[in-house]
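File shown here: entry-v1.csv, holding CSV, C-alpha atoms.
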```csv
chain,number,residue,atom,x,y,z
A,1,MET,CA,27.0,12.2,-14.0
A,2,ASP,CA,25.9,13.8,-10.7
A,3,ASN,CA,27.2,12.3,-7.4
A,4,ASP,CA,23.6,11.2,-6.5
A,5,ARG,CA,23.2,9.2,-9.7
A,6,ILE,CA,24.3,5.6,-9.6
A,7,GLY,CA,23.3,3.1,-12.3
A,8,GLY,CA,20.5,5.3,-13.7
A,9,VAL,CA,19.1,6.1,-10.2
A,10,ARG,CA,18.9,9.5,-8.6
A,11,ASN,CA,18.1,10.5,-5.0
A,12,VAL,CA,15.3,13.0,-5.5
A,13,PRO,CA,14.3,15.4,-2.7
A,14,TYR,CA,10.8,14.7,-1.2
A,15,GLU,CA,9.5,18.2,-2.0
A,16,GLU,CA,10.6,17.9,-5.6
A,17,LEU,CA,8.7,14.7,-6.1
A,18,LEU,CA,5.7,16.0,-4.2
A,19,GLU,CA,5.6,19.0,-6.6
A,20,LEU,CA,6.0,16.9,-9.7
A,21,GLY,CA,3.3,14.5,-8.6
A,22,ILE,CA,0.8,17.2,-7.8
A,23,ARG,CA,1.4,18.9,-11.1
A,24,ALA,CA,1.1,15.6,-13.0
A,25,PHE,CA,-2.3,15.0,-11.4
A,26,GLN,CA,-3.5,18.5,-11.9
A,27,ALA,CA,-2.7,18.3,-15.6
A,28,VAL,CA,-5.4,15.6,-15.9
A,29,GLY,CA,-8.0,17.4,-13.9
A,30,VAL,CA,-7.4,16.4,-10.3
A,31,PRO,CA,-8.1,19.2,-7.9
A,32,ALA,CA,-5.0,20.5,-6.0
A,33,GLU,CA,-6.1,19.3,-2.6
A,34,ASP,CA,-6.8,15.7,-3.9
A,35,ALA,CA,-3.6,15.7,-5.9
A,36,ARG,CA,-1.6,16.6,-2.8
A,37,THR,CA,-3.4,13.9,-0.7
A,38,ALA,CA,-2.7,11.2,-3.3
A,39,VAL,CA,1.0,12.1,-3.8
A,40,GLU,CA,1.6,12.3,-0.1
A,41,ILE,CA,0.3,8.8,0.4
A,42,LEU,CA,2.3,7.5,-2.6
A,43,LEU,CA,5.5,9.2,-1.3
A,44,TRP,CA,5.0,7.8,2.2
A,45,ALA,CA,5.3,4.3,0.6
A,46,ASP,CA,8.5,5.4,-1.2
A,47,LEU,CA,9.9,6.8,2.1
A,48,ARG,CA,9.3,3.5,3.8
A,49,GLY,CA,10.9,1.4,1.0
A,50,VAL,CA,7.7,0.2,-0.8
A,51,SER,CA,8.7,1.8,-4.1
A,52,SER,CA,6.4,-0.5,-6.1
A,53,HIS,CA,3.5,1.3,-4.5
A,54,GLY,CA,5.0,4.8,-4.5
A,55,ILE,CA,5.3,7.7,-6.9
A,56,LEU,CA,5.9,5.2,-9.8
A,57,ARG,CA,2.1,4.5,-9.6
A,58,VAL,CA,1.4,8.0,-11.0
A,59,LEU,CA,2.6,6.6,-14.3
A,60,THR,CA,-0.3,4.1,-14.2
A,61,TYR,CA,-2.9,6.3,-12.5
A,62,VAL,CA,-2.7,9.1,-15.1
A,63,PRO,CA,-3.4,6.9,-18.1
A,64,ARG,CA,-6.4,5.4,-16.3
A,65,ILE,CA,-7.7,8.9,-15.5
A,66,ARG,CA,-7.3,9.9,-19.2
A,67,LYS,CA,-9.2,6.7,-20.2
A,68,GLY,CA,-12.1,7.4,-17.9
A,69,LEU,CA,-11.3,4.5,-15.5
A,70,ILE,CA,-10.4,6.8,-12.5
A,71,ASN,CA,-12.6,9.8,-11.8
A,72,PRO,CA,-10.3,12.8,-11.2
A,73,ARG,CA,-13.1,14.8,-9.4
A,74,PRO,CA,-15.1,12.2,-7.5
A,75,ARG,CA,-18.2,13.2,-5.5
A,76,ILE,CA,-17.4,11.2,-2.4
A,77,GLU,CA,-20.4,10.4,-0.3
A,78,VAL,CA,-20.4,9.2,3.3
A,79,GLN,CA,-23.3,7.2,4.8
A,80,SER,CA,-23.7,6.8,8.6
A,81,PRO,CA,-25.6,3.5,9.3
A,82,ALA,CA,-24.7,3.5,13.0
A,83,ALA,CA,-22.8,5.7,15.5
A,84,ALA,CA,-19.4,4.2,15.0
A,85,LEU,CA,-19.8,3.0,11.4
A,86,ARG,CA,-19.4,4.8,8.1
A,87,ILE,CA,-19.6,3.8,4.4
A,88,VAL,CA,-17.6,5.9,2.0
A,89,HIS,CA,-18.7,5.8,-1.6
A,90,GLY,CA,-15.6,6.7,-3.6
A,91,ASN,CA,-17.2,7.4,-7.0
A,92,ASP,CA,-14.3,5.6,-8.7
A,93,GLY,CA,-11.9,8.3,-7.4
A,94,LEU,CA,-8.1,7.9,-6.9
A,95,GLY,CA,-7.6,5.1,-4.4
A,96,PRO,CA,-5.3,7.2,-2.1
A,97,VAL,CA,-7.9,10.0,-2.1
A,98,VAL,CA,-10.8,7.6,-1.2
A,99,GLY,CA,-8.6,5.7,1.3
A,100,ALA,CA,-7.4,8.9,3.1
A,101,ARG,CA,-11.0,10.0,3.4
A,102,GLY,CA,-11.9,6.6,4.9
A,103,MET,CA,-9.2,6.8,7.5
A,104,ARG,CA,-9.9,10.4,8.4
A,105,GLU,CA,-13.5,9.4,9.0
A,106,ALA,CA,-12.3,6.5,11.2
A,107,ILE,CA,-10.0,8.8,13.2
A,108,ASP,CA,-12.7,11.4,13.8
A,109,LEU,CA,-15.1,8.7,15.1
A,110,ALA,CA,-12.5,7.1,17.3
A,111,HIS,CA,-11.7,10.4,18.9
A,112,THR,CA,-15.4,10.8,19.7
A,113,LEU,CA,-16.6,7.3,20.4
A,114,GLY,CA,-13.4,5.4,21.2
A,115,THR,CA,-13.5,3.1,18.1
A,116,SER,CA,-14.8,3.0,14.5
A,117,PHE,CA,-15.2,0.9,11.4
A,118,VAL,CA,-15.2,2.5,8.0
A,119,GLY,CA,-15.8,0.7,4.7
A,120,CYS,CA,-15.0,2.2,1.3
A,121,CYS,CA,-16.5,1.1,-2.0
A,122,ASP,CA,-16.1,2.2,-5.6
A,123,SER,CA,-12.4,2.8,-5.2
A,124,ASN,CA,-9.1,1.9,-6.9
A,125,HIS,CA,-5.6,0.8,-6.0
A,126,PHE,CA,-4.7,2.8,-2.9
A,127,SER,CA,-0.9,2.4,-2.7
A,128,ALA,CA,0.6,0.7,0.4
A,129,ALA,CA,-1.5,0.1,3.5
A,130,SER,CA,1.0,1.4,6.0
A,131,PRO,CA,0.4,5.2,5.3
A,132,TYR,CA,-3.2,4.9,6.5
A,133,VAL,CA,-2.4,3.3,9.8
A,134,LEU,CA,0.4,5.9,10.3
A,135,MET,CA,-2.2,8.6,9.9
A,136,ALA,CA,-4.0,7.0,12.9
A,137,CYS,CA,-0.7,6.7,14.9
A,138,GLN,CA,0.0,10.4,14.4
A,139,GLU,CA,-3.3,11.0,16.3
A,140,ARG,CA,-2.3,8.5,19.1
A,141,LEU,CA,-4.7,6.0,17.8
A,142,ILE,CA,-4.3,2.3,16.9
A,143,GLY,CA,-5.0,2.0,13.1
A,144,ILE,CA,-6.0,-1.0,11.1
A,145,ALA,CA,-6.3,-0.9,7.3
A,146,GLY,CA,-7.2,-3.5,4.7
A,147,THR,CA,-8.0,-3.7,1.0
A,148,ASN,CA,-8.8,-6.3,-1.6
A,149,ALA,CA,-6.8,-6.6,-4.8
A,150,PHE,CA,-6.9,-8.1,-8.2
A,151,PRO,CA,-6.9,-11.9,-7.9
A,152,THR,CA,-3.4,-13.5,-8.3
A,153,MET,CA,-3.8,-16.6,-6.1
A,154,PRO,CA,-5.9,-19.8,-6.3
A,155,PRO,CA,-8.2,-21.0,-3.5
A,156,TRP,CA,-6.3,-23.5,-1.4
A,157,GLY,CA,-6.4,-26.8,-3.3
A,158,GLY,CA,-7.7,-25.2,-6.4
A,159,MET,CA,-6.3,-23.6,-9.6
A,160,GLY,CA,-6.8,-20.2,-11.3
A,161,ASN,CA,-6.4,-16.6,-10.2
A,162,ILE,CA,-9.4,-16.1,-7.9
A,163,VAL,CA,-8.1,-14.7,-4.6
A,164,GLY,CA,-6.3,-11.4,-4.2
A,165,ASN,CA,-3.2,-11.0,-2.1
A,166,ASN,CA,-5.3,-8.5,-0.1
A,167,PRO,CA,-3.0,-6.5,2.2
A,168,LEU,CA,-3.4,-5.8,5.9
A,169,ALA,CA,-1.7,-3.2,8.0
A,170,ILE,CA,-1.8,-2.6,11.8
A,171,GLY,CA,-0.2,0.4,13.4
A,172,VAL,CA,0.2,1.0,17.1
A,173,PRO,CA,1.6,4.3,18.5
A,174,CYS,CA,3.9,4.6,21.5
A,175,GLU,CA,5.4,7.6,23.3
A,176,GLY,CA,9.1,7.8,22.7
A,177,GLU,CA,9.2,4.9,20.2
A,178,ASP,CA,8.5,4.5,16.5
A,179,PRO,CA,5.0,3.1,15.9
A,180,PHE,CA,4.7,-0.7,15.6
A,181,VAL,CA,3.7,-1.1,11.9
A,182,LEU,CA,2.8,-4.5,10.4
A,183,ASP,CA,2.1,-4.2,6.6
A,184,MET,CA,1.8,-7.4,4.7
A,185,ALA,CA,0.1,-8.9,1.7
A,186,MET,CA,-1.1,-12.5,1.8
A,187,SER,CA,1.0,-13.9,-1.0
A,188,VAL,CA,4.6,-15.2,-0.6
A,189,SER,CA,5.7,-12.9,-3.4
A,190,SER,CA,4.1,-10.4,-5.7
A,191,ARG,CA,3.9,-11.1,-9.4
A,192,GLY,CA,5.9,-7.9,-10.0
A,193,ARG,CA,8.8,-9.4,-8.1
A,194,ILE,CA,8.6,-12.7,-10.0
A,195,ARG,CA,8.5,-10.8,-13.3
A,196,HIS,CA,11.6,-8.9,-12.2
A,197,MET,CA,13.3,-12.3,-11.6
A,198,ALA,CA,12.2,-13.5,-15.0
A,199,GLU,CA,13.8,-10.5,-16.7
A,200,LYS,CA,17.0,-11.2,-14.8
A,201,LYS,CA,16.8,-14.9,-15.6
A,202,GLU,CA,17.0,-15.8,-12.0
A,203,LYS,CA,15.6,-18.9,-10.4
A,204,MET,CA,12.5,-18.6,-8.1
A,205,PRO,CA,12.7,-20.0,-4.6
A,206,ASP,CA,10.6,-23.1,-3.7
A,207,GLY,CA,7.0,-22.4,-2.6
A,208,TRP,CA,6.5,-19.2,-4.5
A,209,ALA,CA,4.3,-20.2,-7.4
A,210,LEU,CA,2.6,-23.0,-9.4
A,211,ASP,CA,2.8,-23.3,-13.2
A,212,SER,CA,-0.3,-23.3,-15.4
A,213,GLN,CA,-0.8,-27.1,-14.6
A,214,GLY,CA,-0.8,-26.6,-10.9
A,215,ARG,CA,2.8,-27.9,-10.4
A,216,PRO,CA,5.4,-26.3,-8.2
A,217,THR,CA,8.0,-24.4,-10.3
A,218,ASN,CA,11.2,-22.5,-9.8
A,219,ASP,CA,11.0,-21.0,-13.3
A,220,PRO,CA,9.6,-17.4,-12.9
A,221,MET,CA,8.2,-17.4,-16.5
A,222,GLU,CA,6.2,-20.5,-15.7
A,223,GLY,CA,5.1,-19.0,-12.4
A,224,LEU,CA,3.8,-16.0,-14.3
A,225,LYS,CA,1.7,-18.3,-16.5
A,226,GLY,CA,0.3,-19.9,-13.3
A,227,VAL,CA,-0.5,-18.5,-9.9
A,228,VAL,CA,1.4,-17.1,-6.9
A,229,LEU,CA,0.9,-18.9,-3.6
A,230,PRO,CA,-0.4,-17.6,-0.2
A,231,THR,CA,2.0,-17.0,2.6
A,232,GLY,CA,1.5,-19.6,5.3
A,233,GLN,CA,-0.2,-21.9,2.9
A,234,HIS,CA,-3.9,-22.5,3.9
A,235,LYS,CA,-3.6,-19.9,6.6
A,236,GLY,CA,-2.6,-17.1,4.3
A,237,TYR,CA,-5.4,-18.2,1.9
A,238,GLY,CA,-7.9,-18.0,4.8
A,239,LEU,CA,-6.7,-14.5,5.8
A,240,ALA,CA,-6.9,-13.3,2.2
A,241,VAL,CA,-10.5,-14.5,2.0
A,242,ALA,CA,-11.4,-12.9,5.3
A,243,LEU,CA,-9.9,-9.6,4.1
A,244,ASP,CA,-12.0,-9.8,0.8
A,245,ILE,CA,-15.1,-10.3,3.0
A,246,LEU,CA,-14.3,-7.1,5.0
A,247,SER,CA,-13.1,-5.1,2.1
A,248,GLY,CA,-15.3,-6.3,-0.7
A,249,VAL,CA,-18.4,-8.3,0.3
A,250,LEU,CA,-19.3,-6.1,3.3
A,251,THR,CA,-18.7,-2.7,1.7
A,252,GLY,CA,-20.6,-3.4,-1.6
A,253,SER,CA,-17.4,-3.4,-3.6
A,254,GLY,CA,-16.1,-6.0,-6.0
A,255,PHE,CA,-14.7,-9.2,-4.6
A,256,ALA,CA,-12.7,-12.2,-5.9
A,257,THR,CA,-12.7,-11.9,-9.7
A,258,GLY,CA,-14.9,-8.8,-9.5
A,259,VAL,CA,-11.8,-6.8,-8.7
A,260,LYS,CA,-10.0,-5.7,-11.8
A,261,SER,CA,-6.3,-5.3,-12.5
A,262,LEU,CA,-4.6,-1.9,-12.3
A,263,VAL,CA,-2.2,-2.7,-15.1
A,264,GLN,CA,-3.8,-5.5,-17.1
A,265,GLN,CA,-7.5,-4.6,-17.5
A,266,TRP,CA,-8.4,-1.3,-19.2
A,267,GLU,CA,-12.1,-1.8,-19.8
A,268,GLU,CA,-13.7,-0.7,-16.5
A,269,PRO,CA,-12.8,0.7,-13.1
A,270,GLN,CA,-11.2,-1.6,-10.6
A,271,HIS,CA,-14.1,-1.9,-8.1
A,272,VAL,CA,-11.7,-2.1,-5.2
A,273,GLY,CA,-12.9,-1.9,-1.5
A,274,HIS,CA,-11.1,-1.0,1.7
A,275,PHE,CA,-11.8,-0.9,5.4
A,276,PHE,CA,-10.3,1.1,8.2
A,277,ILE,CA,-10.5,0.7,12.0
A,278,ALA,CA,-9.3,3.1,14.6
A,279,ILE,CA,-9.1,2.5,18.3
A,280,ASP,CA,-8.3,5.0,21.1
A,281,PRO,CA,-6.1,3.3,23.7
A,282,VAL,CA,-6.9,6.0,26.2
A,283,ARG,CA,-10.3,4.5,26.5
A,284,PHE,CA,-8.6,1.5,28.1
A,285,MET,CA,-6.0,3.2,30.3
A,286,PRO,CA,-4.0,6.5,30.5
A,287,TRP,CA,-1.7,7.2,27.5
A,288,GLU,CA,1.4,7.0,29.6
A,289,GLU,CA,0.5,3.6,31.0
A,290,PHE,CA,-0.3,2.2,27.6
A,291,SER,CA,3.0,3.4,26.3
A,292,GLU,CA,4.9,2.0,29.2
A,293,ARG,CA,3.2,-1.4,28.8
A,294,LEU,CA,4.0,-1.4,25.1
A,295,LYS,CA,7.7,-0.5,25.8
A,296,ALA,CA,7.8,-3.4,28.2
A,297,LEU,CA,6.7,-5.7,25.4
A,298,PHE,CA,9.2,-4.3,23.0
A,299,SER,CA,12.0,-4.8,25.6
A,300,ILE,CA,11.1,-8.4,26.1
A,301,LEU,CA,11.2,-9.0,22.4
A,302,ARG,CA,14.5,-7.2,21.8
A,303,GLY,CA,16.0,-8.9,24.8
A,304,ALA,CA,15.5,-12.4,23.4
A,305,ARG,CA,18.6,-14.6,22.9
A,306,ARG,CA,19.7,-14.0,19.3
A,307,ILE,CA,20.4,-16.7,16.7
A,308,ASP,CA,23.2,-14.4,15.4
A,309,PRO,CA,24.7,-12.2,18.2
A,310,GLU,CA,25.7,-9.6,15.6
A,311,THR,CA,22.1,-9.2,14.3
A,312,ALA,CA,19.7,-7.2,16.3
A,313,ILE,CA,16.1,-8.2,16.8
A,314,ILE,CA,13.9,-5.5,15.3
A,315,LEU,CA,10.2,-4.9,15.5
A,316,PRO,CA,7.8,-4.6,12.6
A,317,GLY,CA,8.0,-1.0,11.2
A,318,GLU,CA,11.4,-0.3,12.9
A,319,TYR,CA,13.5,-0.7,9.7
A,320,GLU,CA,11.0,1.3,7.7
A,321,ALA,CA,11.0,4.2,10.2
A,322,ASP,CA,14.8,4.4,10.0
A,323,LEU,CA,14.6,4.3,6.2
A,324,GLU,CA,12.0,7.1,6.2
A,325,ARG,CA,14.2,9.4,8.3
A,326,LYS,CA,17.1,8.7,6.0
A,327,ARG,CA,15.1,9.3,2.8
A,328,ARG,CA,13.6,12.5,4.1
A,329,ALA,CA,17.1,13.8,4.7
A,330,GLN,CA,18.9,12.3,1.7
A,331,GLY,CA,16.1,12.0,-0.9
A,332,ILE,CA,14.1,9.1,-2.4
A,333,PRO,CA,15.9,6.9,-4.9
A,334,LEU,CA,14.2,6.9,-8.3
A,335,GLU,CA,15.2,5.8,-11.8
A,336,VAL,CA,16.1,8.7,-13.9
A,337,LYS,CA,13.8,7.5,-16.6
A,338,THR,CA,10.9,7.5,-14.3
A,339,LEU,CA,11.8,11.0,-13.1
A,340,GLU,CA,11.9,12.2,-16.7
A,341,ILE,CA,8.5,10.7,-17.4
A,342,LEU,CA,7.1,12.4,-14.3
A,343,GLN,CA,8.5,15.7,-15.5
A,344,GLY,CA,6.9,15.1,-18.9
A,345,LEU,CA,3.5,14.4,-17.3
A,346,THR,CA,3.4,17.9,-15.8
A,347,CYS,CA,3.3,19.4,-19.3
A,348,GLY,CA,1.1,16.8,-21.0
A,349,ARG,CA,3.6,14.4,-22.5
A,350,TYR,CA,1.9,11.0,-22.3
A,351,GLU,CA,3.9,8.9,-24.8
A,352,TYR,CA,5.7,6.3,-22.6
A,353,ASP,CA,5.5,2.6,-21.7
A,354,ILE,CA,3.1,2.2,-18.8
A,355,PRO,CA,4.7,0.0,-16.1
A,356,LYS,CA,3.7,-3.6,-16.3
A,357,VAL,CA,3.6,-4.2,-12.5
```
Show me this structure written as structure tokens.
Amino acid sequence: MDNDRIGGVRNVPYEELLELGIRAFQAVGVPAEDARTAVEILLWADLRGVSSHGILRVLTYVPRIRKGLINPRPRIEVQSPAAALRIVHGNDGLGPVVGARGMREAIDLAHTLGTSFVGCCDSNHFSAASPYVLMACQERLIGIAGTNAFPTMPPWGGMGNIVGNNPLAIGVPCEGEDPFVLDMAMSVSSRGRIRHMAEKKEKMPDGWALDSQGRPTNDPMEGLKGVVLPTGQHKGYGLAVALDILSGVLTGSGFATGVKSLVQQWEEPQHVGHFFIAIDPVRFMPWEEFSERLKALFSILRGARRIDPETAIILPGEYEADLERKRRAQGIPLEVKTLEILQGLTCGRYEYDIPKV
């Protein structure tokens, strides 16, 4: 076994995975430029440690394209209802392609007008939210991205999967520092993580899920039959609903139970909606002054008295930025089985078990 293989996992160079992903999408009719956009977004998630939303998703996107649930060649249309507003109609295209178009529109408007709001409808799962705000940060803009998701949580005090865990990301650039990047979903844990615990026969921590009768449970199998719980209890529920309003209701997309599962429902497109906001800090003050003020805030936070003197205080996005540098240099860890399936997709081999998460 190669030195970079440990327990069935191989560190794969970024460029190798980029090429495999592009070829896998092209094999099912995705144009080269869109394929590159989608794979770059997915790999950005891998680089920053969000492997559940990374190149692994190609193994689910491709079958949905072949089944007609994702449009490989969408005719994306953009409406301009007001100077700083855009509505992107995704035509059921790949979520990362629609999402990247939405953020690019937001960036262009912010450079011209100082700020923007872009809503996207008729889209699909768009990977992690952080790559989109990092696109804005690369342009010295503050970026905000949100999306709705297949419902996995109950309304607070209720039962049944009605509310998505609806992720939100905020990115803030700073000269000489890694961007501040908050990327969070509104549930305590994902169903995928709970399913992984069930497979390993592990106990689930308190407060993660309810069983099918609405009772707290530590049994991951019972949690999978029930619902996951929002982070921050009623506060996370409120934030999830607010994000569904901005992503779904406002954009004309699906919302609540109108958003379909990427992995469980194969009868129709997902009807996912997203929104993107970009803000130019230079409209408030010179770039250098903004960066110095941000550094002053970071210094205050890092200088706080530590609970554990040996454990540094880090900022949101700091760990992920370090991991991204490491993985760009050393490769992205990927199960050998997944790598082999990706290689097969480039030449039309589609017989494999589609990931369940």
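Distances here use only C-alpha atoms; by that measure, the residue among A:Ile332, A:Ile277, A:Ala296, A:Leu339 closest to A:Ser247 is A:Ile277.
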Review point. So how far away is atom CA of A:Pro151 from atom CA of A:Asp206, in Å?
Key: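 Rounded to one decimal, the two atoms are 21.2 Å apart.
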Review point. Hey, what's within 7 Å of stretch 113-129 of chain A if we count all atoms listed in the file and toss same-chain stuff fewer than 6 positions away? As a count of residues only, please?
Key: 44
Study note, to complete from the structure: Residue with the minimum atom-to-atom distance to A:Leu182, picked from A:Ala100, A:Ile65, A:Leu134, A:Leu18 with all atoms listed in the file counted, is A:Leu134
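Of the listed residues (A:Gly49, A:Gly236, A:Pro309, A:Gly226), A:Gly49 comes nearest to A:Gly331; the distances count all atoms listed in the file.
Atom pair atom CA of A:Arg75 / atom CA of A:Val39: separated by 19.3 Å.
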Check your understanding: Taking into account all atoms listed in the file, which residue in the set A:Ile194, A:Leu43, A:Leu109, A:Leu250 is nearest to A:Tyr14?
Key ->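 Looking at the shortest contact to A:Tyr14, the residue is A:Leu43.
Comparing the minimum interatomic distances between A:Met197 and each of A:Thr37, A:Ser212, A:Gln233, A:Asn218, counting all atoms listed in the file, we find that A:Asn218 sits nearest.
Minimum atom-to-atom distances from A:Val357, A:Met159, A:Met221, A:Ile314 to A:Met204 were compared using all atoms listed in the file, and the lowest value belongs to A:Met221.
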Exercise for review: Tell me, as an MDAnalysis selection string, which residues lie within 8 Å of A:Pro173, counting only C-alpha atoms; anything in the same chain fewer than 5 positions away does not count.
Suggested key: chainID A and resid 137:138 140:142 178:180 291
Practice item. Name all residues at most 12 Å from A:Glu199 (count only C-alpha atoms; drop same-chain ones fewer than 6 positions away) and give them as a VMD selection string. Key: chain A and resid 192 to 193 219 to 221 224
Exercise for review: Measure the distance from atom CA of A:Ser190 to atom CA of A:Val228 in Å and round it to one decimal.
Suggested key: 7.3 Å
